[in-house]
Structures are given as structure tokens and as C-alpha cells.
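Participant: Quick one: structure below, then a few questions.
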Amino acid sequence: MPSLLTLDEVRTLFHEFGHALDALMNENSYHSTFIPWDFVELPSQILEHWATEPEVLKLYAKHYETGEVIPDELIGKIGISRFFNQGFDNTELLAASLLDMAYHTLEAPVNIEVQEFEKNYLKEIGLIPEIEPRYRTTYFLHIIGGYDAGYYCYTWAAVLDNDAFEAFREHGIFDKATADSYRKNILAKNGIMDASAQYLNFRGRDPELEPLLRNRGLN
């Protein structure tokens, strides 16, 4: 049997290719750029939307033996499945983000027992026992030497990518004018221009929360 990709692996492929496009399209002449953590995931996360659009699925999702294009019924099930467990998923992600900030707002120097601190803090914010944070403190690598009080960026980037993708929904997911605007205002200027100004130039307004809530079935 050939090596096939799961749907999650396809999403990851689109995600990482979004980072690649961000680097390829950047007009910066220096070796590196300084992109705000809450903007760095926009180019990657927005590309995930195309992975499961019906028009795109029919281009690549074909039976490995017969070549049959994925049926509409299965596409419909894929669309519905994105709502599964979103309440749990979002709560555990936000819990990890809040825990991250709780550590970084401690007054130093301080001696703490991390598991006890984590237990008390999660109880303080009202996290129910049935839901755990995305990462436990002892293996939460994002909070030291990486995002450092910025793990929330994935959630804010999700606000941005869902709202930005609405521009493509409004004009067509393959609309060249919208794609050119995205390349010019987001990819080309990423890290060398104020991120909020970039987004305003692309979308014509500030990002809105509603597309994220709707796409996750939370509204």
C-alpha cells in the first residue's frame, strides 16, 4: 500500500507551506525579520482553510486505486466534523495560554512547586476537571525559550485568519485580485511594517471575532 496522508497531515502540509510562502514573498532585504508573535501564524493558519474547501478537495482528494474524486457526501461530513469537540479544544487552548501568562507575571525571584502552582491556578480560573490545559507545565516547551507569555498568539492568529479568509469567501477562494492584495499587504510586508496597519490595508477594517466563532460552531 502506498504512503497516504491523513486529513490532519494534509492540514499540516498546507500550514507549513503558508510559512514557506511568507518567507518567499517577503520583500525584506535583511537576513531576518521581526514579526509579532500574534501575527506570525496568520500566513500559515489561513492556508489551512483551502485544504478542506470543496473546490480544493476535488483537486487532490482522489481514491488512490481508482482515481475517483472525493464524493460530495464525504466532503459534507468533513465540513461538519470541524465542529466536533470545539468547546473542549478551545477551553484547553485558552487554559494553556492563561497558565503561560500566569508564570510570566510572577514577581521574581520566587520559588514555586510547578505542579502545585498549576493545580491552584487552574482551579482559580474555574477549569473543570473534565478539561485539561493543552500542555502540562512540565512539558509546556512553548512557555520558555519560545513564545514566552505569547502562547495566546495561536488564538489571536485564528481570529485574524478566519476573518481574512472571509475576504476570499466574499470574492471567491481563487480570486486573483484578493490574492494579490493578500500578497502585497500581508506576505510582502510581514515583519517590516506594523502588523495592524498591514491587516487594515488588506481587509479595509480591523479584524472581527464573528468568523472564528462561526467557523468553530461557537456562536
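Residue names in the C-alpha cells use chain letters A, B, ... in the order shown, residue numbers from 1 in each chain, and ligand numbers from 1 in the order shown.
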Extract, using only C-alpha atoms, all DNA, RNA and protein residues at most 12 Å from Asp22 of chain A, discarding same-chain residues fewer than 6 positions from it, and format them as a list of chain:residue names.

Facilitator: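 My reading of the contact set: A:His15, A:Glu16, A:Asn28, A:Thr33, A:Ile35, A:Phe39, A:Val40, A:Glu41, A:Leu42, A:Pro43, A:Ser44, A:Gln45, A:Ile46, A:Leu47, A:Tyr182, A:Arg183, A:Lys184, A:Asn185, A:Ile186, A:Leu187, A:Ala188, A:Lys189, A:Asn190, A:Gly191.
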
Participant: Would you save the residues from that selection as a PDB file, in the first residue's frame, using N, CA and C atoms?

Facilitator:
ATOM      1  N   HIS A  15      -0.451  24.227   6.243  1.00  0.00           N
ATOM      2  CA  HIS A  15       0.004  25.149   7.284  1.00  0.00           C
ATOM      3  C   HIS A  15       1.471  25.533   7.070  1.00  0.00           C
ATOM      4  N   GLU A  16       2.307  24.530   6.946  1.00  0.00           N
ATOM      5  CA  GLU A  16       3.742  24.806   6.804  1.00  0.00           C
ATOM      6  C   GLU A  16       4.061  25.464   5.470  1.00  0.00           C
ATOM      7  N   ASN A  28      11.627  41.955   2.355  1.00  0.00           N
ATOM      8  CA  ASN A  28      12.708  42.375   3.221  1.00  0.00           C
ATOM      9  C   ASN A  28      14.067  42.032   2.615  1.00  0.00           C
ATOM     10  N   THR A  33      13.519  38.896   9.782  1.00  0.00           N
ATOM     11  CA  THR A  33      12.514  39.903  10.096  1.00  0.00           C
ATOM     12  C   THR A  33      12.049  39.697  11.526  1.00  0.00           C
ATOM     13  N   ILE A  35       8.643  39.546  13.245  1.00  0.00           N
ATOM     14  CA  ILE A  35       7.192  39.505  13.131  1.00  0.00           C
ATOM     15  C   ILE A  35       6.595  39.299  14.512  1.00  0.00           C
ATOM     16  N   PHE A  39       1.044  37.591  15.057  1.00  0.00           N
ATOM     17  CA  PHE A  39       0.812  37.766  13.619  1.00  0.00           C
ATOM     18  C   PHE A  39       1.552  36.717  12.801  1.00  0.00           C
ATOM     19  N   VAL A  40       2.520  36.060  13.442  1.00  0.00           N
ATOM     20  CA  VAL A  40       3.396  35.150  12.707  1.00  0.00           C
ATOM     21  C   VAL A  40       2.651  33.923  12.181  1.00  0.00           C
ATOM     22  N   GLU A  41       1.548  33.554  12.847  1.00  0.00           N
ATOM     23  CA  GLU A  41       0.819  32.359  12.421  1.00  0.00           C
ATOM     24  C   GLU A  41      -0.293  32.653  11.409  1.00  0.00           C
ATOM     25  N   LEU A  42      -0.540  33.927  11.107  1.00  0.00           N
ATOM     26  CA  LEU A  42      -1.582  34.243  10.127  1.00  0.00           C
ATOM     27  C   LEU A  42      -1.319  33.604   8.765  1.00  0.00           C
ATOM     28  N   PRO A  43      -0.129  33.753   8.181  1.00  0.00           N
ATOM     29  CA  PRO A  43       0.098  33.182   6.846  1.00  0.00           C
ATOM     30  C   PRO A  43      -0.025  31.663   6.801  1.00  0.00           C
ATOM     31  N   SER A  44       0.275  30.997   7.916  1.00  0.00           N
ATOM     32  CA  SER A  44       0.187  29.535   7.930  1.00  0.00           C
ATOM     33  C   SER A  44      -1.242  29.071   8.189  1.00  0.00           C
ATOM     34  N   GLN A  45      -1.888  29.667   9.162  1.00  0.00           N
ATOM     35  CA  GLN A  45      -3.228  29.212   9.538  1.00  0.00           C
ATOM     36  C   GLN A  45      -4.271  29.542   8.474  1.00  0.00           C
ATOM     37  N   ILE A  46      -4.103  30.651   7.772  1.00  0.00           N
ATOM     38  CA  ILE A  46      -5.099  30.984   6.743  1.00  0.00           C
ATOM     39  C   ILE A  46      -5.064  29.951   5.615  1.00  0.00           C
ATOM     40  N   LEU A  47      -3.884  29.404   5.325  1.00  0.00           N
ATOM     41  CA  LEU A  47      -3.782  28.461   4.217  1.00  0.00           C
ATOM     42  C   LEU A  47      -4.492  27.141   4.532  1.00  0.00           C
ATOM     43  N   TYR A 182      -3.579  40.228  -0.747  1.00  0.00           N
ATOM     44  CA  TYR A 182      -3.032  39.481   0.391  1.00  0.00           C
ATOM     45  C   TYR A 182      -1.505  39.394   0.282  1.00  0.00           C
ATOM     46  N   ARG A 183      -1.027  39.098  -0.914  1.00  0.00           N
ATOM     47  CA  ARG A 183       0.425  39.015  -1.109  1.00  0.00           C
ATOM     48  C   ARG A 183       1.083  40.373  -0.872  1.00  0.00           C
ATOM     49  N   LYS A 184       0.505  41.416  -1.422  1.00  0.00           N
ATOM     50  CA  LYS A 184       1.093  42.752  -1.325  1.00  0.00           C
ATOM     51  C   LYS A 184       1.067  43.291   0.098  1.00  0.00           C
ATOM     52  N   ASN A 185      -0.056  43.121   0.784  1.00  0.00           N
ATOM     53  CA  ASN A 185      -0.242  43.767   2.089  1.00  0.00           C
ATOM     54  C   ASN A 185       0.155  42.914   3.282  1.00  0.00           C
ATOM     55  N   ILE A 186       0.103  41.592   3.135  1.00  0.00           N
ATOM     56  CA  ILE A 186       0.440  40.716   4.257  1.00  0.00           C
ATOM     57  C   ILE A 186       1.804  40.060   4.041  1.00  0.00           C
ATOM     58  N   LEU A 187       1.930  39.237   3.024  1.00  0.00           N
ATOM     59  CA  LEU A 187       3.168  38.469   2.836  1.00  0.00           C
ATOM     60  C   LEU A 187       4.373  39.352   2.532  1.00  0.00           C
ATOM     61  N   ALA A 188       4.218  40.300   1.649  1.00  0.00           N
ATOM     62  CA  ALA A 188       5.364  41.114   1.224  1.00  0.00           C
ATOM     63  C   ALA A 188       5.883  42.015   2.338  1.00  0.00           C
ATOM     64  N   LYS A 189       4.991  42.442   3.235  1.00  0.00           N
ATOM     65  CA  LYS A 189       5.377  43.421   4.254  1.00  0.00           C
ATOM     66  C   LYS A 189       5.550  42.811   5.637  1.00  0.00           C
ATOM     67  N   ASN A 190       5.386  41.500   5.752  1.00  0.00           N
ATOM     68  CA  ASN A 190       5.397  40.878   7.071  1.00  0.00           C
ATOM     69  C   ASN A 190       6.761  41.015   7.745  1.00  0.00           C
ATOM     70  N   GLY A 191       6.758  41.638   8.912  1.00  0.00           N
ATOM     71  CA  GLY A 191       7.987  41.821   9.671  1.00  0.00           C
ATOM     72  C   GLY A 191       8.696  43.127   9.398  1.00  0.00           C
TER      73      GLY A 191
END

Participant: Can you pull out every residue within 10 Å of Phe117 of chain A, counting only C-alpha atoms, but drop anything in the same chain fewer than 3 positions away, and send it as a VMD selection string?

Facilitator: chain A and resid 99 102 to 103 112 to 114 120 to 123 137

Participant: Could you list, as a CSV table (one decimal) with N, CA and C atoms, in the first residue's frame, every residue within 10 Å of segment 148-154 of chain A, counting only C-alpha atoms and ignoring same-chain residues fewer than 2 positions away?

Facilitator:
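See selection_6.csv below for the written result:
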chain,number,residue,atom,x,y,z
A,36,PRO,N,5.6,40.1,14.9
A,36,PRO,CA,5.0,39.9,16.2
A,36,PRO,C,4.4,38.5,16.3
A,37,TRP,N,4.5,37.9,17.5
A,37,TRP,CA,4.1,36.5,17.7
A,37,TRP,C,2.6,36.3,17.4
A,38,ASP,N,1.8,37.4,17.6
A,38,ASP,CA,0.4,37.2,17.4
A,38,ASP,C,0.0,37.5,15.9
A,39,PHE,N,1.0,37.6,15.1
A,39,PHE,CA,0.8,37.8,13.6
A,39,PHE,C,1.6,36.7,12.8
A,40,VAL,N,2.5,36.1,13.4
A,40,VAL,CA,3.4,35.1,12.7
A,40,VAL,C,2.7,33.9,12.2
A,41,GLU,N,1.5,33.6,12.8
A,41,GLU,CA,0.8,32.4,12.4
A,41,GLU,C,-0.3,32.7,11.4
A,42,LEU,N,-0.5,33.9,11.1
A,42,LEU,CA,-1.6,34.2,10.1
A,42,LEU,C,-1.3,33.6,8.8
A,45,GLN,N,-1.9,29.7,9.2
A,45,GLN,CA,-3.2,29.2,9.5
A,45,GLN,C,-4.3,29.5,8.5
A,93,LEU,N,-7.0,25.1,25.1
A,93,LEU,CA,-6.0,26.0,24.5
A,93,LEU,C,-5.9,27.3,25.2
A,94,LEU,N,-7.1,27.9,25.6
A,94,LEU,CA,-7.1,29.1,26.4
A,94,LEU,C,-6.5,28.9,27.8
A,95,ALA,N,-6.8,27.7,28.4
A,95,ALA,CA,-6.2,27.4,29.7
A,95,ALA,C,-4.7,27.4,29.6
A,96,ALA,N,-4.2,26.8,28.6
A,96,ALA,CA,-2.7,26.8,28.5
A,96,ALA,C,-2.2,28.2,28.3
A,97,SER,N,-2.9,29.0,27.5
A,97,SER,CA,-2.5,30.4,27.3
A,97,SER,C,-2.5,31.2,28.6
A,98,LEU,N,-3.5,31.1,29.4
A,98,LEU,CA,-3.6,31.8,30.6
A,98,LEU,C,-2.5,31.3,31.6
A,99,LEU,N,-2.3,30.0,31.6
A,99,LEU,CA,-1.2,29.5,32.5
A,99,LEU,C,0.1,30.0,32.1
A,100,ASP,N,0.4,30.1,30.8
A,100,ASP,CA,1.6,30.7,30.3
A,100,ASP,C,1.8,32.1,30.9
A,101,MET,N,0.7,32.9,30.8
A,101,MET,CA,0.8,34.3,31.3
A,101,MET,C,0.9,34.4,32.8
A,102,ALA,N,0.3,33.4,33.5
A,102,ALA,CA,0.4,33.4,34.9
A,102,ALA,C,1.9,33.2,35.4
A,103,TYR,N,2.6,32.4,34.7
A,103,TYR,CA,4.0,32.2,35.1
A,103,TYR,C,4.8,33.5,34.8
A,104,HIS,N,4.5,34.1,33.7
A,104,HIS,CA,5.3,35.3,33.3
A,104,HIS,C,4.9,36.6,34.0
A,105,THR,N,3.9,36.5,34.8
A,105,THR,CA,3.6,37.7,35.6
A,105,THR,C,3.9,37.5,37.0
A,141,LEU,N,6.8,23.3,26.5
A,141,LEU,CA,8.0,23.9,25.9
A,141,LEU,C,7.8,25.3,25.4
A,142,HIS,N,6.6,25.7,25.0
A,142,HIS,CA,6.4,27.0,24.4
A,142,HIS,C,6.6,28.1,25.4
A,143,ILE,N,6.5,27.9,26.7
A,143,ILE,CA,6.5,29.0,27.6
A,143,ILE,C,7.9,29.5,28.0
A,144,ILE,N,8.9,28.7,27.7
A,144,ILE,CA,10.3,29.1,28.0
A,144,ILE,C,11.1,29.0,26.7
A,145,GLY,N,11.8,30.0,26.3
A,145,GLY,CA,12.7,30.0,25.2
A,145,GLY,C,11.9,30.0,23.8
A,146,GLY,N,10.7,30.5,23.9
A,146,GLY,CA,9.9,30.5,22.6
A,146,GLY,C,8.9,31.6,22.6
A,156,TRP,N,-5.3,34.4,18.8
A,156,TRP,CA,-5.5,35.7,18.1
A,156,TRP,C,-5.2,35.5,16.6
A,157,ALA,N,-4.2,34.7,16.3
A,157,ALA,CA,-4.0,34.4,14.8
A,157,ALA,C,-5.2,33.8,14.2
A,158,ALA,N,-5.9,32.9,15.0
A,158,ALA,CA,-7.1,32.3,14.5
A,158,ALA,C,-8.2,33.3,14.2
A,159,VAL,N,-8.3,34.4,15.0
A,159,VAL,CA,-9.2,35.5,14.8
A,159,VAL,C,-8.8,36.1,13.4
A,160,LEU,N,-7.6,36.4,13.3
A,160,LEU,CA,-7.1,37.0,12.0
A,160,LEU,C,-7.3,36.1,10.8

Participant: For Ser196 of chain A, please output as a PDB file with C-alpha atoms, in the first residue's frame all residues within 9 Å (counting only C-alpha atoms; exclusion window: fewer than 4 positions along the same chain).

Facilitator:
ATOM      1  CA  PHE A  39       0.812  37.766  13.619  1.00  0.00           C
ATOM      2  CA  LEU A 200      -6.060  47.184   7.759  1.00  0.00           C
ATOM      3  CA  ASN A 201      -4.585  47.669   4.274  1.00  0.00           C
ATOM      4  CA  ASP A 206      -9.954  45.801  11.860  1.00  0.00           C
TER       5      ASP A 206
END

Participant: With DSSP run on the backbone, what are the alpha helix (DSSP H) residues within segment 3-123 of chain A? I'd like them as a PyMOL selection string.

Facilitator: chain A and resi 7-25+37-40+42-51+54-60+72-81+86-104+114-123

Participant: Keeping only C-alpha atoms, write those residues as an mmCIF file, in the first residue's frame.

Facilitator:
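Output contents, as saved in result19.cif:
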data_model
loop_
_atom_site.group_PDB
_atom_site.id
_atom_site.type_symbol
_atom_site.label_atom_id
_atom_site.label_comp_id
_atom_site.auth_asym_id
_atom_site.auth_seq_id
_atom_site.Cartn_x
_atom_site.Cartn_y
_atom_site.Cartn_z
ATOM 1 C CA LEU A 7 -6.545 14.842 6.741
ATOM 2 C CA ASP A 8 -4.612 16.236 9.715
ATOM 3 C CA GLU A 9 -1.361 15.703 7.824
ATOM 4 C CA VAL A 10 -2.797 17.498 4.796
ATOM 5 C CA ARG A 11 -3.746 20.444 7.003
ATOM 6 C CA THR A 12 -0.204 20.450 8.413
ATOM 7 C CA LEU A 13 1.195 20.454 4.869
ATOM 8 C CA PHE A 14 -0.917 23.483 3.964
ATOM 9 C CA HIS A 15 0.004 25.149 7.284
ATOM 10 C CA GLU A 16 3.742 24.806 6.804
ATOM 11 C CA PHE A 17 3.522 25.799 3.150
ATOM 12 C CA GLY A 18 1.876 29.009 4.387
ATOM 13 C CA HIS A 19 5.033 29.733 6.390
ATOM 14 C CA ALA A 20 7.091 28.984 3.272
ATOM 15 C CA LEU A 21 5.058 31.447 1.193
ATOM 16 C CA ASP A 22 5.510 34.050 3.925
ATOM 17 C CA ALA A 23 9.273 33.717 3.601
ATOM 18 C CA LEU A 24 9.318 33.518 -0.201
ATOM 19 C CA MET A 25 7.101 36.540 -0.802
ATOM 20 C CA TRP A 37 4.107 36.515 17.709
ATOM 21 C CA ASP A 38 0.393 37.212 17.378
ATOM 22 C CA PHE A 39 0.812 37.766 13.619
ATOM 23 C CA VAL A 40 3.396 35.150 12.707
ATOM 24 C CA LEU A 42 -1.582 34.243 10.127
ATOM 25 C CA PRO A 43 0.098 33.182 6.846
ATOM 26 C CA SER A 44 0.187 29.535 7.930
ATOM 27 C CA GLN A 45 -3.228 29.212 9.538
ATOM 28 C CA ILE A 46 -5.099 30.984 6.743
ATOM 29 C CA LEU A 47 -3.782 28.461 4.217
ATOM 30 C CA GLU A 48 -5.370 25.622 6.199
ATOM 31 C CA HIS A 49 -8.784 26.891 5.106
ATOM 32 C CA TRP A 50 -8.086 25.957 1.493
ATOM 33 C CA ALA A 51 -7.216 22.370 2.453
ATOM 34 C CA PRO A 54 -14.816 21.558 -1.646
ATOM 35 C CA GLU A 55 -13.236 23.105 -4.749
ATOM 36 C CA VAL A 56 -9.750 22.285 -3.476
ATOM 37 C CA LEU A 57 -10.569 18.847 -2.105
ATOM 38 C CA LYS A 58 -11.760 17.793 -5.551
ATOM 39 C CA LEU A 59 -8.361 18.738 -6.969
ATOM 40 C CA TYR A 60 -6.332 16.396 -4.768
ATOM 41 C CA ASP A 72 -19.874 15.370 -2.011
ATOM 42 C CA GLU A 73 -21.331 13.349 0.855
ATOM 43 C CA LEU A 74 -17.893 12.825 2.380
ATOM 44 C CA ILE A 75 -16.973 16.473 1.806
ATOM 45 C CA GLY A 76 -20.092 17.405 3.757
ATOM 46 C CA LYS A 77 -19.056 15.165 6.646
ATOM 47 C CA ILE A 78 -15.590 16.740 6.684
ATOM 48 C CA GLY A 79 -17.200 20.167 6.910
ATOM 49 C CA ILE A 80 -19.415 19.157 9.830
ATOM 50 C CA SER A 81 -16.575 17.388 11.671
ATOM 51 C CA GLN A 86 -14.588 22.638 19.773
ATOM 52 C CA GLY A 87 -15.760 23.596 23.261
ATOM 53 C CA PHE A 88 -13.136 21.315 24.795
ATOM 54 C CA ASP A 89 -10.430 22.234 22.279
ATOM 55 C CA ASN A 90 -10.818 25.971 22.724
ATOM 56 C CA THR A 91 -11.034 25.759 26.502
ATOM 57 C CA GLU A 92 -7.864 23.676 26.815
ATOM 58 C CA LEU A 93 -6.024 26.046 24.466
ATOM 59 C CA LEU A 94 -7.109 29.132 26.406
ATOM 60 C CA ALA A 95 -6.240 27.422 29.698
ATOM 61 C CA ALA A 96 -2.695 26.823 28.462
ATOM 62 C CA SER A 97 -2.452 30.434 27.281
ATOM 63 C CA LEU A 98 -3.595 31.787 30.640
ATOM 64 C CA LEU A 99 -1.248 29.455 32.507
ATOM 65 C CA ASP A 100 1.604 30.700 30.326
ATOM 66 C CA MET A 101 0.840 34.313 31.263
ATOM 67 C CA ALA A 102 0.420 33.404 34.934
ATOM 68 C CA TYR A 103 4.026 32.194 35.081
ATOM 69 C CA HIS A 104 5.337 35.252 33.284
ATOM 70 C CA VAL A 114 5.192 23.980 39.435
ATOM 71 C CA GLN A 115 2.616 21.218 39.692
ATOM 72 C CA GLU A 116 1.065 22.798 42.774
ATOM 73 C CA PHE A 117 1.108 26.229 41.120
ATOM 74 C CA GLU A 118 -0.556 24.806 38.021
ATOM 75 C CA LYS A 119 -3.222 22.989 40.058
ATOM 76 C CA ASN A 120 -4.079 26.070 42.095
ATOM 77 C CA TYR A 121 -4.147 28.416 39.105
ATOM 78 C CA LEU A 122 -6.394 26.180 37.014
ATOM 79 C CA LYS A 123 -8.742 25.872 39.964
#

Participant: So what do you get for atom CA of Asp163 of chain A versus atom CA of Pro207 of chain A, distance-wise?

Facilitator: 6.0 Å

Participant: Using only C-alpha atoms, which residue out of A:Pro2, A:Asn26, A:Ile192, A:Tyr139 lies closest to His63 of chain A?

Facilitator: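 Looking only at the distances to His63 of chain A, the closest residue turns out to be A:Pro2.
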
Participant: Find the residues around Asn162 of chain A up to 8 Å (only C-alpha atoms counted), leave out those fewer than 5 positions away in its own chain, and share them as a ChimeraX atom specification.

Facilitator: /A:46,211-212,215
